[in-house]
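**Student:** Input structure: upload.cif, which contains mmCIF, C-alpha atoms and all ligand atoms.
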```cif
data_coords
#
loop_
_atom_site.label_atom_id
_atom_site.label_comp_id
_atom_site.auth_asym_id
_atom_site.auth_seq_id
_atom_site.Cartn_x
_atom_site.Cartn_y
_atom_site.Cartn_z
CA MET A 701 35.87 -17.96 0.13
CA LYS A 702 38.64 -17.21 2.61
CA LYS A 703 39.57 -14.01 0.81
CA HIS A 704 35.99 -12.80 1.13
CA LEU A 705 35.84 -13.78 4.74
CA ASN A 706 38.96 -11.78 5.46
CA GLU A 707 37.21 -8.74 4.08
CA LEU A 708 34.47 -9.04 6.65
CA ALA A 709 34.90 -6.54 9.45
CA ILE A 710 34.17 -9.25 11.91
CA PHE A 711 37.54 -10.78 11.04
CA GLY A 712 39.44 -7.61 11.77
CA GLY A 713 38.99 -5.59 8.60
CA VAL A 714 36.96 -2.43 8.16
CA PRO A 715 33.19 -2.60 7.87
CA THR A 716 31.80 -2.83 4.35
CA PHE A 717 29.89 0.38 5.01
CA PRO A 718 31.71 3.30 6.67
CA GLU A 719 28.35 4.68 7.83
CA LYS A 720 25.71 2.63 9.59
CA LEU A 721 22.78 1.44 7.48
CA HIS A 722 19.67 1.38 9.65
CA VAL A 723 16.36 -0.38 9.39
CA GLY A 724 13.70 2.30 9.87
CA ARG A 725 15.65 5.22 8.38
CA PRO A 726 13.02 7.91 7.83
CA ASN A 727 11.90 8.93 4.35
CA ILE A 728 11.97 12.69 4.02
CA GLY A 729 9.75 14.41 1.48
CA SER A 730 10.31 17.97 0.27
CA LYS A 731 12.29 19.85 2.94
CA GLN A 732 11.38 23.13 1.28
CA VAL A 733 7.64 22.46 1.50
CA LEU A 734 7.96 21.26 5.08
CA LEU A 735 9.93 24.32 6.16
CA GLN A 736 7.41 26.61 4.49
CA ARG A 737 4.64 24.85 6.40
CA ILE A 738 6.50 25.18 9.68
CA ASN A 739 6.97 28.86 8.92
CA ASP A 740 3.22 29.19 8.32
CA ILE A 741 2.51 27.43 11.61
CA LEU A 742 4.74 29.83 13.50
CA ASP A 743 3.16 32.83 11.79
CA SER A 744 -0.35 31.58 12.48
CA LYS A 745 0.38 31.18 16.20
CA TRP A 746 -1.66 27.96 16.19
CA LEU A 747 0.64 25.11 17.20
CA THR A 748 -1.62 22.26 18.27
CA ASN A 749 -5.24 21.45 19.33
CA ASN A 750 -6.91 20.57 16.05
CA GLY A 751 -5.19 23.18 13.87
CA GLN A 752 -5.53 23.50 10.11
CA PHE A 753 -2.66 21.11 9.29
CA VAL A 754 -4.05 18.37 11.52
CA GLN A 755 -7.44 18.77 9.88
CA ALA A 756 -5.89 18.62 6.40
CA PHE A 757 -3.83 15.55 7.40
CA GLU A 758 -6.95 13.77 8.65
CA GLN A 759 -8.86 14.59 5.45
CA HIS A 760 -6.00 13.40 3.27
CA ILE A 761 -5.82 10.06 5.10
CA ALA A 762 -9.59 9.55 5.09
CA SER A 763 -9.72 10.14 1.37
CA LEU A 764 -6.71 7.94 0.59
CA VAL A 765 -8.12 5.09 2.68
CA GLY A 766 -11.71 5.70 1.65
CA VAL A 767 -12.90 5.73 5.24
CA LYS A 768 -15.51 8.04 6.78
CA HIS A 769 -13.55 9.22 9.81
CA CYS A 770 -9.90 9.79 10.62
CA ILE A 771 -8.70 11.12 13.97
CA ALA A 772 -5.01 11.99 14.12
CA THR A 773 -3.14 11.14 17.33
CA CYS A 774 0.26 11.85 18.83
CA ASN A 775 1.33 8.24 18.11
CA ALA A 776 -0.26 4.87 17.35
CA THR A 777 0.21 3.49 20.88
CA THR A 778 -1.94 6.26 22.35
CA GLY A 779 -4.28 5.79 19.38
CA LEU A 780 -4.69 2.13 20.31
CA GLU A 781 -5.32 3.02 23.96
CA ILE A 782 -8.01 5.50 22.96
CA ALA A 783 -9.60 3.03 20.52
CA ILE A 784 -9.60 0.35 23.23
CA ARG A 785 -11.30 2.73 25.69
CA ALA A 786 -13.77 4.00 23.10
CA CYS A 787 -14.79 0.42 22.26
CA GLU A 788 -15.29 -0.15 26.02
CA LEU A 789 -13.12 -3.24 26.11
CA THR A 790 -12.56 -4.91 29.47
CA GLY A 791 -11.23 -8.21 30.86
CA GLU A 792 -9.24 -10.08 28.22
CA VAL A 793 -8.42 -9.29 24.61
CA ILE A 794 -6.89 -11.75 22.18
CA ILE A 795 -3.88 -10.52 20.22
CA PRO A 796 -0.90 -12.11 18.49
CA SER A 797 2.30 -12.35 20.50
CA PHE A 798 4.32 -11.85 17.33
CA THR A 799 3.96 -8.07 17.14
CA PHE A 800 5.64 -4.93 18.42
CA VAL A 801 5.18 -4.69 22.17
CA ALA A 802 2.95 -1.61 21.80
CA THR A 803 -0.05 -3.76 20.82
CA ALA A 804 0.11 -5.57 24.15
CA HIS A 805 1.11 -2.52 26.19
CA ALA A 806 -1.85 -0.50 24.96
CA LEU A 807 -4.10 -3.10 26.59
CA LYS A 808 -2.12 -3.50 29.80
CA TRP A 809 -1.93 0.29 30.13
CA VAL A 810 -5.70 0.43 30.41
CA GLY A 811 -5.90 -2.58 32.73
CA ILE A 812 -6.81 -5.26 30.19
CA GLU A 813 -5.11 -8.65 29.97
CA PRO A 814 -3.66 -9.45 26.57
CA VAL A 815 -4.17 -13.12 25.74
CA PHE A 816 -1.56 -14.23 23.27
CA CYS A 817 -2.55 -16.22 20.23
CA ASP A 818 -0.23 -17.99 17.83
CA VAL A 819 0.29 -16.78 14.27
CA ASP A 820 0.01 -18.45 10.90
CA PRO A 821 3.52 -19.52 9.82
CA ASP A 822 2.99 -18.31 6.26
CA THR A 823 1.25 -14.96 6.77
CA HIS A 824 2.82 -14.16 10.20
CA ASN A 825 -0.64 -12.85 11.18
CA ILE A 826 -2.89 -14.03 14.01
CA ASP A 827 -4.19 -17.52 13.22
CA PRO A 828 -8.01 -17.52 13.41
CA ARG A 829 -7.97 -21.32 13.91
CA LYS A 830 -6.23 -20.82 17.26
CA ILE A 831 -8.53 -18.12 18.61
CA GLU A 832 -11.67 -19.93 19.72
CA SER A 833 -9.92 -22.05 22.33
CA LEU A 834 -8.65 -18.82 23.96
CA ILE A 835 -12.06 -17.20 24.34
CA THR A 836 -13.38 -17.07 27.92
CA ASP A 837 -16.31 -15.27 29.51
CA LYS A 838 -13.92 -12.34 30.11
CA THR A 839 -12.98 -11.93 26.44
CA THR A 840 -14.30 -8.72 24.93
CA ALA A 841 -12.34 -8.34 21.71
CA ILE A 842 -9.76 -9.49 19.21
CA ILE A 843 -7.06 -7.15 17.96
CA GLY A 844 -5.51 -8.32 14.71
CA VAL A 845 -2.19 -6.87 13.56
CA HIS A 846 -1.61 -6.56 9.81
CA LEU A 847 2.03 -7.49 10.23
CA TRP A 848 4.49 -6.16 7.63
CA GLY A 849 1.47 -4.58 5.89
CA ARG A 850 -0.03 -7.93 4.89
CA GLY A 851 -3.74 -8.03 5.73
CA CYS A 852 -4.98 -10.39 8.42
CA ASP A 853 -7.53 -13.06 7.56
CA VAL A 854 -10.16 -10.40 8.19
CA GLU A 855 -13.13 -12.52 7.07
CA ALA A 856 -12.34 -15.36 9.50
CA LEU A 857 -11.80 -12.86 12.33
CA GLU A 858 -15.10 -11.12 11.53
CA ASP A 859 -16.85 -14.47 11.65
CA ILE A 860 -15.46 -15.31 15.10
CA ALA A 861 -16.12 -11.81 16.43
CA LYS A 862 -19.72 -11.99 15.24
CA ARG A 863 -20.39 -15.45 16.66
CA TYR A 864 -18.95 -14.59 20.09
CA LYS A 865 -20.19 -10.98 20.12
CA LEU A 866 -16.66 -9.60 20.38
CA LYS A 867 -15.35 -6.28 19.18
CA LEU A 868 -12.78 -6.45 16.38
CA LEU A 869 -9.96 -3.92 16.18
CA PHE A 870 -6.87 -3.80 14.01
CA ASP A 871 -3.42 -2.55 14.79
CA ALA A 872 -2.65 -1.30 11.29
CA ALA A 873 0.65 0.36 12.27
CA HIS A 874 2.41 -1.39 9.35
CA ALA A 875 -0.40 -1.23 6.86
CA PHE A 876 -1.01 2.35 5.80
CA GLY A 877 -1.49 2.39 2.02
CA CYS A 878 -2.12 -1.37 1.89
CA SER A 879 -5.22 -3.25 0.82
CA HIS A 880 -6.87 -6.54 1.69
CA GLN A 881 -9.15 -8.19 -0.88
CA GLN A 882 -8.80 -4.99 -2.90
CA LYS A 883 -10.28 -2.90 -0.08
CA MET A 884 -8.02 -0.42 1.69
CA ILE A 885 -6.91 -1.41 5.16
CA GLY A 886 -8.55 1.03 7.55
CA ASN A 887 -12.06 -0.07 6.62
CA PHE A 888 -12.16 -3.27 8.65
CA GLY A 889 -13.46 -4.15 12.10
CA ASP A 890 -14.81 -1.54 14.48
CA VAL A 891 -11.70 0.58 14.25
CA GLU A 892 -8.13 0.49 12.90
CA VAL A 893 -5.03 2.40 13.96
CA PHE A 894 -2.13 3.54 11.75
CA SER A 895 1.32 4.64 12.86
CA PHE A 896 3.22 7.58 11.38
CA ASN A 897 6.29 7.15 13.55
CA ALA A 898 9.59 8.32 12.02
CA THR A 899 10.47 4.71 11.20
CA LYS A 900 7.32 4.19 9.12
CA PHE A 901 7.55 4.75 5.36
CA CYS A 902 5.19 7.71 5.67
CA ASN A 903 5.92 9.67 8.82
CA SER A 904 4.86 12.67 10.85
CA PHE A 905 7.93 12.51 13.16
CA GLU A 906 5.64 10.91 15.78
CA GLY A 907 2.02 10.29 14.98
CA GLY A 908 -0.87 7.96 14.52
CA ALA A 909 -4.39 7.92 13.12
CA ILE A 910 -7.54 6.15 14.25
CA VAL A 911 -9.89 5.36 11.38
CA THR A 912 -13.45 4.06 11.44
CA ASN A 913 -16.68 4.08 9.47
CA ASN A 914 -18.70 4.26 12.70
CA SER A 915 -19.75 7.90 13.21
CA GLU A 916 -20.80 7.52 16.84
CA LEU A 917 -17.50 5.86 17.72
CA ALA A 918 -15.58 8.52 15.79
CA ASP A 919 -17.19 11.32 17.84
CA LYS A 920 -16.30 9.55 21.06
CA ILE A 921 -12.70 9.00 19.92
CA ARG A 922 -12.40 12.64 18.90
CA TYR A 923 -13.51 13.72 22.38
CA MET A 924 -11.38 11.14 24.17
CA LYS A 925 -8.17 12.23 22.44
CA ASN A 926 -8.88 15.76 23.72
CA PHE A 927 -9.34 15.07 27.46
CA GLY A 928 -12.96 13.96 26.87
CA PHE A 929 -14.16 17.50 26.01
CA SER A 930 -17.31 17.43 23.88
CA ASP A 931 -17.61 21.22 24.05
CA TYR A 932 -16.03 24.13 25.91
CA ASP A 933 -16.40 23.43 29.67
CA CYS A 934 -18.13 20.11 29.00
CA VAL A 935 -16.43 16.75 29.54
CA ASP A 936 -18.41 13.69 28.49
CA PHE A 937 -15.77 10.96 28.68
CA ILE A 938 -12.60 10.08 30.53
CA GLY A 939 -10.05 11.32 28.08
CA THR A 940 -6.36 11.76 27.52
CA ASN A 941 -4.10 14.09 25.62
CA GLY A 942 -3.67 12.16 22.39
CA LYS A 943 -3.52 15.14 20.07
CA MET A 944 -1.19 15.49 17.12
CA SER A 945 0.73 18.78 16.90
CA GLU A 946 0.69 21.05 13.87
CA VAL A 947 4.38 20.43 13.17
CA SER A 948 3.77 16.69 13.09
CA ALA A 949 0.81 17.16 10.78
CA ALA A 950 2.93 19.39 8.52
CA MET A 951 5.50 16.59 8.27
CA GLY A 952 2.69 14.06 7.75
CA LEU A 953 1.16 16.07 4.91
CA THR A 954 4.56 16.55 3.29
CA SER A 955 5.21 12.80 3.55
CA LEU A 956 1.79 12.03 2.08
CA GLU A 957 2.66 14.15 -0.95
CA SER A 958 5.64 11.87 -1.65
CA ILE A 959 3.94 8.62 -0.77
CA GLU A 960 4.03 7.23 -4.32
CA ASP A 961 7.79 7.90 -4.57
CA PHE A 962 8.38 6.20 -1.22
CA ILE A 963 6.35 3.14 -2.20
CA ASN A 964 8.05 2.92 -5.60
CA THR A 965 11.47 3.05 -3.96
CA ASN A 966 10.45 0.40 -1.42
CA ARG A 967 9.05 -1.80 -4.18
CA GLU A 968 12.24 -1.51 -6.26
CA ASN A 969 14.37 -2.25 -3.19
CA TYR A 970 12.24 -5.28 -2.38
CA HIS A 971 12.58 -6.66 -5.91
CA GLN A 972 16.31 -6.12 -5.90
CA TYR A 973 16.56 -7.95 -2.57
CA LEU A 974 14.51 -10.77 -4.12
CA GLN A 975 17.11 -11.09 -6.86
CA GLU A 976 20.14 -10.73 -4.62
CA LEU A 977 18.83 -13.36 -2.21
CA SER A 978 17.48 -15.75 -4.82
CA ASN A 979 18.54 -19.39 -4.69
CA ILE A 980 20.13 -19.24 -1.26
CA PRO A 981 18.91 -22.42 0.41
CA GLY A 982 17.23 -21.62 3.72
CA VAL A 983 16.97 -17.87 3.11
CA ASN A 984 13.53 -16.65 2.08
CA LEU A 985 12.18 -13.18 1.66
CA ILE A 986 8.53 -12.91 2.65
CA SER A 987 6.23 -12.36 -0.31
CA TYR A 988 3.61 -9.71 -0.97
CA ASP A 989 0.44 -10.35 -2.94
CA LYS A 990 0.74 -8.51 -6.26
CA ALA A 991 -3.05 -8.21 -6.44
CA GLU A 992 -3.03 -6.01 -3.34
CA LYS A 993 -1.77 -2.49 -2.71
CA CYS A 994 1.32 -2.69 -0.57
CA ASN A 995 3.76 -0.20 0.95
CA TYR A 996 6.72 -2.66 0.95
CA GLN A 997 8.09 -0.86 4.00
CA TYR A 998 9.44 -4.01 5.59
CA VAL A 999 11.95 -6.29 3.89
CA ILE A 1000 11.70 -9.41 5.99
CA VAL A 1001 13.88 -12.43 5.51
CA GLU A 1002 13.38 -15.81 7.16
CA ILE A 1003 16.48 -17.85 7.92
CA ASP A 1004 15.95 -21.59 8.23
CA GLU A 1005 18.92 -22.75 10.26
CA SER A 1006 18.27 -26.41 9.49
CA ILE A 1007 19.22 -25.61 5.89
CA THR A 1008 21.75 -22.80 6.24
CA ARG A 1009 23.41 -24.41 9.28
CA ILE A 1010 24.11 -20.89 10.50
CA ASN A 1011 21.43 -19.30 12.56
CA ARG A 1012 19.65 -15.96 12.22
CA ASP A 1013 21.50 -14.47 15.17
CA ILE A 1014 24.92 -15.14 13.70
CA ILE A 1015 23.90 -13.66 10.36
CA HIS A 1016 22.56 -10.67 12.30
CA GLN A 1017 25.94 -10.29 14.05
CA ILE A 1018 27.87 -10.57 10.80
CA LEU A 1019 25.71 -7.85 9.28
CA TRP A 1020 26.12 -5.58 12.32
CA ALA A 1021 29.90 -5.95 12.06
CA GLU A 1022 29.52 -4.64 8.51
CA ASN A 1023 27.52 -1.64 9.79
CA ILE A 1024 24.27 -3.10 8.46
CA LEU A 1025 22.00 -2.68 11.45
CA THR A 1026 19.36 -5.33 10.82
CA ARG A 1027 16.61 -5.84 13.41
CA ARG A 1028 15.25 -9.03 14.91
CA TYR A 1029 11.62 -7.87 14.82
CA PHE A 1030 9.76 -9.10 16.91
CA TYR A 1031 12.06 -11.24 19.01
CA PRO A 1032 11.41 -12.83 21.48
CA GLY A 1033 7.63 -12.33 21.16
CA CYS A 1034 5.51 -10.24 23.53
CA HIS A 1035 4.69 -13.23 25.73
CA GLN A 1036 8.38 -13.43 26.67
CA MET A 1037 8.74 -9.78 27.72
CA LYS A 1038 9.14 -9.40 31.48
CA PRO A 1039 5.99 -7.41 32.27
CA LEU A 1040 3.92 -9.48 29.87
CA ARG A 1041 5.03 -12.99 30.67
CA SER A 1042 1.91 -15.06 30.66
CA ARG A 1043 0.34 -16.48 33.77
CA ILE A 1044 -0.03 -19.70 31.80
CA ALA A 1045 3.28 -21.44 32.37
CA ASP A 1046 3.40 -23.33 29.09
CA MET A 1047 2.23 -20.42 26.92
CA GLY A 1048 5.50 -20.61 25.01
CA LEU A 1049 4.72 -24.18 24.02
CA MET A 1050 1.35 -23.12 22.67
CA LEU A 1051 2.93 -20.40 20.55
CA THR A 1052 4.96 -22.73 18.36
CA ASN A 1053 4.90 -20.62 15.20
CA THR A 1054 5.58 -17.43 17.13
CA ARG A 1055 8.66 -18.93 18.75
CA ARG A 1056 9.86 -20.33 15.45
CA LEU A 1057 9.39 -17.06 13.58
CA ALA A 1058 10.90 -14.97 16.37
CA SER A 1059 14.10 -17.00 16.00
CA ARG A 1060 14.17 -16.85 12.19
CA VAL A 1061 13.06 -13.41 11.08
CA LEU A 1062 15.37 -10.54 10.22
CA ALA A 1063 14.34 -7.07 9.01
CA LEU A 1064 16.70 -5.58 6.40
CA PRO A 1065 17.26 -1.89 5.65
CA THR A 1066 15.12 -0.30 2.95
CA GLY A 1067 13.55 3.04 2.06
CA THR A 1068 15.00 6.09 0.33
CA ALA A 1069 18.17 6.08 2.44
CA ILE A 1070 19.51 2.96 0.75
CA GLY A 1071 20.62 2.40 -2.84
CA ALA A 1072 21.19 -0.44 -5.28
CA LYS A 1073 24.87 -0.80 -4.37
CA GLU A 1074 24.11 -1.21 -0.68
CA ILE A 1075 21.42 -3.80 -1.36
CA SER A 1076 23.78 -5.70 -3.63
CA ASN A 1077 26.46 -5.76 -0.91
CA ILE A 1078 23.97 -6.81 1.76
CA GLY A 1079 22.80 -9.62 -0.52
CA GLN A 1080 26.38 -10.80 -1.07
CA ILE A 1081 27.16 -10.81 2.64
CA ILE A 1082 24.01 -12.78 3.46
CA ARG A 1083 24.76 -15.24 0.65
CA LEU A 1084 28.29 -15.72 1.92
CA ALA A 1085 27.19 -16.14 5.51
CA ALA A 1086 24.30 -18.46 4.73
CA THR A 1087 26.21 -20.70 2.39
CA GLY A 1088 29.39 -20.76 4.46
CA GLY A 1089 27.67 -23.05 6.94
CA ASN A 1090 29.93 -24.71 9.44
CA THR A 1091 33.08 -22.94 8.31
CA ILE A 1092 31.74 -19.52 9.10
CA ASN A 1093 30.04 -20.70 12.25
CA GLU A 1094 33.26 -22.15 13.57
CA MET A 1095 35.33 -19.10 12.69
CA LEU A 1096 32.79 -16.79 14.23
CA TYR A 1097 32.72 -18.62 17.47
CA GLN A 1098 36.49 -18.75 17.58
CA ASN A 1099 37.15 -15.16 16.57
CA VAL A 1100 34.29 -13.22 17.93
CA LEU A 1101 31.96 -14.83 20.36
CA ARG A 1102 34.64 -16.32 22.55
CA ALA A 1103 36.43 -12.98 22.69
CA SER A 1104 33.33 -11.12 23.80
N1 LIG A 1201 1.95 -1.60 16.59
C1 LIG A 1201 2.92 -2.07 15.80
C2 LIG A 1201 2.71 -3.37 15.12
C3 LIG A 1201 4.10 -1.35 15.63
O1 LIG A 1201 5.09 -1.84 14.88
C4 LIG A 1201 4.23 -0.12 16.31
C5 LIG A 1201 5.47 0.64 16.20
C6 LIG A 1201 3.17 0.34 17.10
C7 LIG A 1201 2.04 -0.43 17.22
C8 LIG A 1201 3.25 1.64 17.84
O2 LIG A 1201 3.38 2.75 16.97
P1 LIG A 1201 3.89 4.18 17.53
O3 LIG A 1201 3.27 4.41 18.88
O4 LIG A 1201 5.39 4.14 17.60
O5 LIG A 1201 3.38 5.17 16.51
C9 LIG A 1201 10.44 1.30 16.14
C10 LIG A 1201 9.43 2.40 16.13
O6 LIG A 1201 9.75 3.40 17.10
C11 LIG A 1201 8.03 1.91 16.35
O7 LIG A 1201 7.15 2.96 16.01
C12 LIG A 1201 7.76 0.73 15.43
N2 LIG A 1201 6.47 0.15 15.64
C13 LIG A 1201 8.81 -0.35 15.65
C14 LIG A 1201 8.57 -1.52 14.74
O8 LIG A 1201 10.06 0.21 15.33
P2 LIG A 1201 12.19 0.48 17.88
O9 LIG A 1201 12.16 0.19 19.33
O10 LIG A 1201 12.69 -0.55 16.96
O11 LIG A 1201 12.89 1.90 17.61
P3 LIG A 1201 14.44 2.28 17.47
O12 LIG A 1201 14.63 3.57 18.17
O13 LIG A 1201 15.27 1.14 17.84
O14 LIG A 1201 14.57 2.61 15.90
C15 LIG A 1201 14.34 1.64 14.92
C16 LIG A 1201 15.28 1.86 13.77
O15 LIG A 1201 14.98 3.06 13.10
C17 LIG A 1201 16.74 1.93 14.15
O16 LIG A 1201 17.46 1.19 13.17
C18 LIG A 1201 17.08 3.40 14.06
C19 LIG A 1201 16.13 3.91 12.99
N3 LIG A 1201 15.72 5.30 13.18
C20 LIG A 1201 14.77 5.58 14.12
C21 LIG A 1201 14.33 6.85 14.31
C22 LIG A 1201 13.26 7.15 15.32
C23 LIG A 1201 16.28 6.31 12.41
O17 LIG A 1201 17.16 6.04 11.57
N4 LIG A 1201 15.84 7.58 12.58
C24 LIG A 1201 14.87 7.92 13.49
O18 LIG A 1201 14.47 9.09 13.58
O19 LIG A 1201 10.68 0.86 17.44
#
```
If you took the structure in this file and wrote it as structure tokens, what would it be?
**Tutor:**
Amino acid sequence: MKKHLNELAIFGGVPTFPEKLHVGRPNIGSKQVLLQRINDILDSKWLTNNGQFVQAFEQHIASLVGVKHCIATCNATTGLEIAIRACELTGEVIIPSFTFVATAHALKWVGIEPVFCDVDPDTHNIDPRKIESLITDKTTAIIGVHLWGRGCDVEALEDIAKRYKLKLLFDAAHAFGCSHQQKMIGNFGDVEVFSFNATKFCNSFEGGAIVTNNSELADKIRYMKNFGFSDYDCVDFIGTNGKMSEVSAAMGLTSLESIEDFINTNRENYHQYLQELSNIPGVNLISYDKAEKCNYQYVIVEIDESITRINRDIIHQILWAENILTRRYFYPGCHQMKPLRSRIADMGLMLTNTRRLASRVLALPTGTAIGAKEISNIGQIIRLAATGGNTINEMLYQNVLRAS
């Protein structure tokens, strides 16, 4: 054990990996095809504003998801803002706190109060059983987040939305290419929004897509993302500039052409992680339903400190010292972020599962930038750290934390 510990960079050696291994390293499809497309864009002198590549990107997504309408946007955050406006939400909207801050910001940005709901400890998604007590006469909608690509309890959310006459939207930033009850995500609620940010398994540098089966809503969204123009010289809605550029769409199309390769790589990585991290008490990889389509873009491990006796943050620090840049998504929870801190003083107490998960979850590197050897080493380091218990804890505090 000691010999291994001495090899850890944190004890003065060199990091296991000379180059940093990131969570969110972009997958790159065919460079040649992308560069040809960029060349075509330059030759065509049509760089943005609903060009041919954006149109092709939208069609490709609509057909892959099996949804009537897809409107590409410059990113998912703006996509959410547009969807929120198009659905005419006001007052308060119920969302999970355990999500990327963009879900909450999209609401705040348009003057709506996000009301934070706790999540289910197993699925990490908004817990429908906790929603009804949060509904007030100001509530106009629920936004579910399909966290890590695992579908929300859509049916329960639909039931609540119907009974209280609320709109239902989904932040599907993690869930492109995923299904729920064998139906592709993108077909639920009034509208769903995907992200194609560089860190997503399928990317368009920056980008998003709003999808819906509601034709009237789709028209409105299409106008709103283009300043509200419904025709030349005619503005029907307050709009914004939410357009995707041609270069982004070219990258998006090129990524879409490699989507099966990306998913296969992610799936293989996930299964290797499962093996490497098997039988480590207190360390559990989240599971994905084999009956569903899944992009496996997030490898999420939960560390139960009461069993490992070393907490998530220390394991995170050990990994960083080894150049393995894990992320504590989504610590500390939106309700704890300065501009979003709830007006309800004991909100934190109500969000028991959120607080627990935010202190236990760690995202590990995956995607095409990482190989079997790296995953094996990451697994060994986590095993060593998690089973070292008090010994490691003590040494860490003595050697590192006190010095910093
Ligand atoms: N809703 C949810 C649930 C989301 O997760 C997100 C975005 C959104 C909405 C909003 O979608 P967008 O408006 O972004 O389309 C990153 C992404 O920027 C963000 O898109 C994503 N979620 C979030 C989960 O992750 P940060 O703050 O963690 O980014 P950053 O710069 O720290 O990079 C993350 C990791 O990726 C690092 O390890 C570095 C690596 N990376 C990143 C980029 C951009 C690379 O290796 N290469 C790159 O080009 O938010």
**Student:** Show which residues sit within 10 Å of stretch 853-855 of chain A, as a list in words. Count all atoms listed in the file, and ignore same-chain residues fewer than 3 positions away.
**Tutor:**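 Skipping anything fewer than 3 positions along the chain leaves Asp820, Thr823, Asn825, Ile826, Asp827, Pro828, Gly844, His846, Arg850, Glu858, Asp859, Ile860, Ala861, Leu868, Phe870, His880, Gln881, Phe888 and Gly889 of chain A.
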**Student:** So, with only C-alpha atoms as the atoms that count, which of A:Phe800, A:Phe937, A:Tyr923, A:Trp809 lies closest to A:Ala872?
**Tutor:** A:Phe800
**Student:** Would you mind listing the residues within 8 Å of ligand LIG 1201 (chain A), counting only C-alpha atoms and all ligand atoms, as a ChimeraX atom specification?
**Tutor:** /A:721-726,774-780,799-803,845-847,871-874,894-900,905-908,1025-1027,1029-1030
**Student:** Rounded to one decimal, what separation in Å do you get between atom CA of A:Ile835 and atom CA of A:Ala856?
**Tutor:**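 That distance, rounded to one decimal, is 15.0 Å.
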**Student:** Of the candidates A:Arg737, A:Asn1011, A:Lys920, A:Ile771, which shows the shortest atom-to-atom distance to A:Ile938, using only C-alpha atoms?
**Tutor:** A:Lys920
**Student:** How far is it from atom CA of A:Gly1033 to atom CA of A:Ile831, in Å with one decimal?
**Tutor:**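 Spanning atom CA of A:Gly1033 to atom CA of A:Ile831 is a straight-line distance of 17.4 Å.
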**Student:** A:Asp933, A:Ile885, A:Glu946, A:Ile794: which is nearest A:Ser744, counting only C-alpha atoms?
**Tutor:** A:Glu946
**Student:** Measure the distance from atom CA of A:Thr1068 to atom CA of A:Gln755 in Å and round it to one decimal.
**Tutor:** 27.5 Å
**Student:** Which residue out of A:His760, A:Gly952, A:Ile1000, A:Ile782 has the minimum interatomic distance to A:Glu892 when only C-alpha atoms are used?
**Tutor:**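 Nearest to A:Glu892: A:Ile782.
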**Student:** Given the point (0.7, 1.0, -3.8) in the file's coordinates, find the residues that have an atom at most 10 Å from it, counting all atoms listed in the file, and give them as a list in words.
**Tutor:**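 Output: Phe876, Gly877, Cys878, Ser879, Ile959, Glu960, Asp961, Phe962, Ile963, Asn964, Arg967, Lys990, Glu992, Lys993, Cys994, Asn995 and Tyr996 of chain A.
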**Student:** Could you list, as number ranges by chain, every residue within 6 Å of A:Val983, counting all atoms listed in the file and ignoring same-chain residues fewer than 3 positions away?
**Tutor:** A: 980, 1002-1003
**Student:** Would you list the contacts of A:Leu735 as a ChimeraX atom specification, taking every protein, DNA or RNA residue within 10 Å and counting only C-alpha atoms, but skipping same-chain residues closer than 5 positions in sequence?
**Tutor:** /A:730,740-741,947,950-951,954
